[in-house]
Amino acid sequence: MGLKEDFEEHAVNVKKLTVSPSNEDLLILYGLYKQATVGPVDTSRPGMFSMKERAKWDAWKAVEAKTTDEAMSDYITKVKQLLEAAAAST
């Protein structure tokens with residue numbers, strides 16, 4: 001299985017988590033997913049009254065130096081960690 005297919009499989013699997021990840025983990029996943037699928041941030045930073053959107057933008061901006069493959073690989077690793085933690089807590 002190639003990296004892209006593995007990435008797509010993990011993007012589906014993360015939605016099967018029975019326990020919602022922490023906000024911090026969700027932001028990490030969001031940033032890596034956007035970097036892997038869109039590339040570097042292509043929008044301006046949301047205003048201070050859009051706290052959720054601003055946090056998501058910041059998470060994406062934080063990983064903009066990663067290549068698509070690096071972002072996919074890091075995303076897969078993060079999802080695996082979350083799935084293992086969820087399995088260990090059941």
# chains A, B, ... in the order shown; residues from 1 in each chain; ligands from 1
>>> select_by_dssp(residues="chain A", states="alpha helix (DSSP H)", output="PyMOL selection string")
chain A and resi 3-13+23-37+51-61+68-88
>>> residues_around(residues="Val38 in chain A", least_positions_apart="6", cutoff="12 Å", atoms="only C-alpha atoms", output="number ranges by chain")
A: 30-32, 60-61, 64, 66-68, 71-72
>>> residues_around(residues="Glu70 in chain A", least_positions_apart="3", cutoff="12 Å", atoms="only C-alpha atoms", output="JSON, numbers by chain")
{"A": [3, 4, 7, 32, 33, 35, 36, 37, 39, 63, 64, 65, 66, 67, 73, 74, 75, 76, 77]}
>>> write_last_selection(atoms="N, CA and C atoms", output="PDB file, in the first residue's frame")
ATOM      1  N   LEU A   3       1.831   5.406   0.342  1.00  0.00           N
ATOM      2  CA  LEU A   3       1.647   6.383   1.413  1.00  0.00           C
ATOM      3  C   LEU A   3       0.291   7.070   1.319  1.00  0.00           C
ATOM      4  N   LYS A   4      -0.106   7.456   0.104  1.00  0.00           N
ATOM      5  CA  LYS A   4      -1.393   8.157  -0.066  1.00  0.00           C
ATOM      6  C   LYS A   4      -2.561   7.265   0.356  1.00  0.00           C
ATOM      7  N   PHE A   7      -2.525   6.936   4.107  1.00  0.00           N
ATOM      8  CA  PHE A   7      -3.019   8.198   4.672  1.00  0.00           C
ATOM      9  C   PHE A   7      -4.545   8.247   4.617  1.00  0.00           C
ATOM     10  N   LEU A  32      -1.987  18.786  10.058  1.00  0.00           N
ATOM     11  CA  LEU A  32      -1.303  17.806   9.206  1.00  0.00           C
ATOM     12  C   LEU A  32      -2.170  17.401   8.019  1.00  0.00           C
ATOM     13  N   TYR A  33      -3.473  17.233   8.255  1.00  0.00           N
ATOM     14  CA  TYR A  33      -4.374  16.850   7.161  1.00  0.00           C
ATOM     15  C   TYR A  33      -4.411  17.933   6.088  1.00  0.00           C
ATOM     16  N   GLN A  35      -2.175  20.267   5.503  1.00  0.00           N
ATOM     17  CA  GLN A  35      -0.869  20.356   4.849  1.00  0.00           C
ATOM     18  C   GLN A  35      -0.713  19.236   3.828  1.00  0.00           C
ATOM     19  N   ALA A  36      -1.193  18.038   4.179  1.00  0.00           N
ATOM     20  CA  ALA A  36      -1.071  16.886   3.291  1.00  0.00           C
ATOM     21  C   ALA A  36      -1.984  17.001   2.072  1.00  0.00           C
ATOM     22  N   THR A  37      -3.165  17.594   2.251  1.00  0.00           N
ATOM     23  CA  THR A  37      -4.143  17.610   1.163  1.00  0.00           C
ATOM     24  C   THR A  37      -4.177  18.916   0.375  1.00  0.00           C
ATOM     25  N   GLY A  39      -1.593  21.702   1.071  1.00  0.00           N
ATOM     26  CA  GLY A  39      -0.275  22.315   0.997  1.00  0.00           C
ATOM     27  C   GLY A  39      -0.217  23.478   1.971  1.00  0.00           C
ATOM     28  N   VAL A  63       2.730  23.722  10.591  1.00  0.00           N
ATOM     29  CA  VAL A  63       3.341  22.584   9.878  1.00  0.00           C
ATOM     30  C   VAL A  63       3.577  22.881   8.393  1.00  0.00           C
ATOM     31  N   GLU A  64       3.515  24.154   8.023  1.00  0.00           N
ATOM     32  CA  GLU A  64       3.601  24.487   6.601  1.00  0.00           C
ATOM     33  C   GLU A  64       4.954  24.175   5.958  1.00  0.00           C
ATOM     34  N   ALA A  65       5.993  23.985   6.761  1.00  0.00           N
ATOM     35  CA  ALA A  65       7.312  23.656   6.193  1.00  0.00           C
ATOM     36  C   ALA A  65       7.418  22.184   5.793  1.00  0.00           C
ATOM     37  N   LYS A  66       6.468  21.374   6.235  1.00  0.00           N
ATOM     38  CA  LYS A  66       6.501  19.937   5.917  1.00  0.00           C
ATOM     39  C   LYS A  66       6.095  19.702   4.462  1.00  0.00           C
ATOM     40  N   THR A  67       6.711  18.698   3.866  1.00  0.00           N
ATOM     41  CA  THR A  67       6.291  18.295   2.528  1.00  0.00           C
ATOM     42  C   THR A  67       4.972  17.532   2.654  1.00  0.00           C
ATOM     43  N   SER A  73       2.810  11.208   6.555  1.00  0.00           N
ATOM     44  CA  SER A  73       3.465  10.264   7.449  1.00  0.00           C
ATOM     45  C   SER A  73       3.218  10.637   8.912  1.00  0.00           C
ATOM     46  N   ASP A  74       3.345  11.922   9.240  1.00  0.00           N
ATOM     47  CA  ASP A  74       3.104  12.370  10.617  1.00  0.00           C
ATOM     48  C   ASP A  74       1.646  12.185  11.010  1.00  0.00           C
ATOM     49  N   TYR A  75       0.742  12.407  10.070  1.00  0.00           N
ATOM     50  CA  TYR A  75      -0.698  12.215  10.327  1.00  0.00           C
ATOM     51  C   TYR A  75      -0.970  10.741  10.657  1.00  0.00           C
ATOM     52  N   ILE A  76      -0.407   9.851   9.841  1.00  0.00           N
ATOM     53  CA  ILE A  76      -0.585   8.411  10.058  1.00  0.00           C
ATOM     54  C   ILE A  76      -0.067   8.016  11.445  1.00  0.00           C
ATOM     55  N   THR A  77       1.112   8.513  11.799  1.00  0.00           N
ATOM     56  CA  THR A  77       1.697   8.216  13.105  1.00  0.00           C
ATOM     57  C   THR A  77       0.788   8.702  14.229  1.00  0.00           C
TER      58      THR A  77
END
>>> atom_distance(atom1="CA of Arg45 in chain A", atom2="CA of Gln81 in chain A")
29.4 Å
>>> atom_distance(atom1="CA of Asp42 in chain A", atom2="CA of Asp6 in chain A")
25.4 Å
>>> atom_distance(atom1="CA of Asn23 in chain A", atom2="CA of Glu53 in chain A")
12.7 Å
>>> closest_residue(among="A:Val41, A:Val79, A:Ala86, A:Ala62", to="Val19 in chain A", atoms="only C-alpha atoms")
A:Ala86
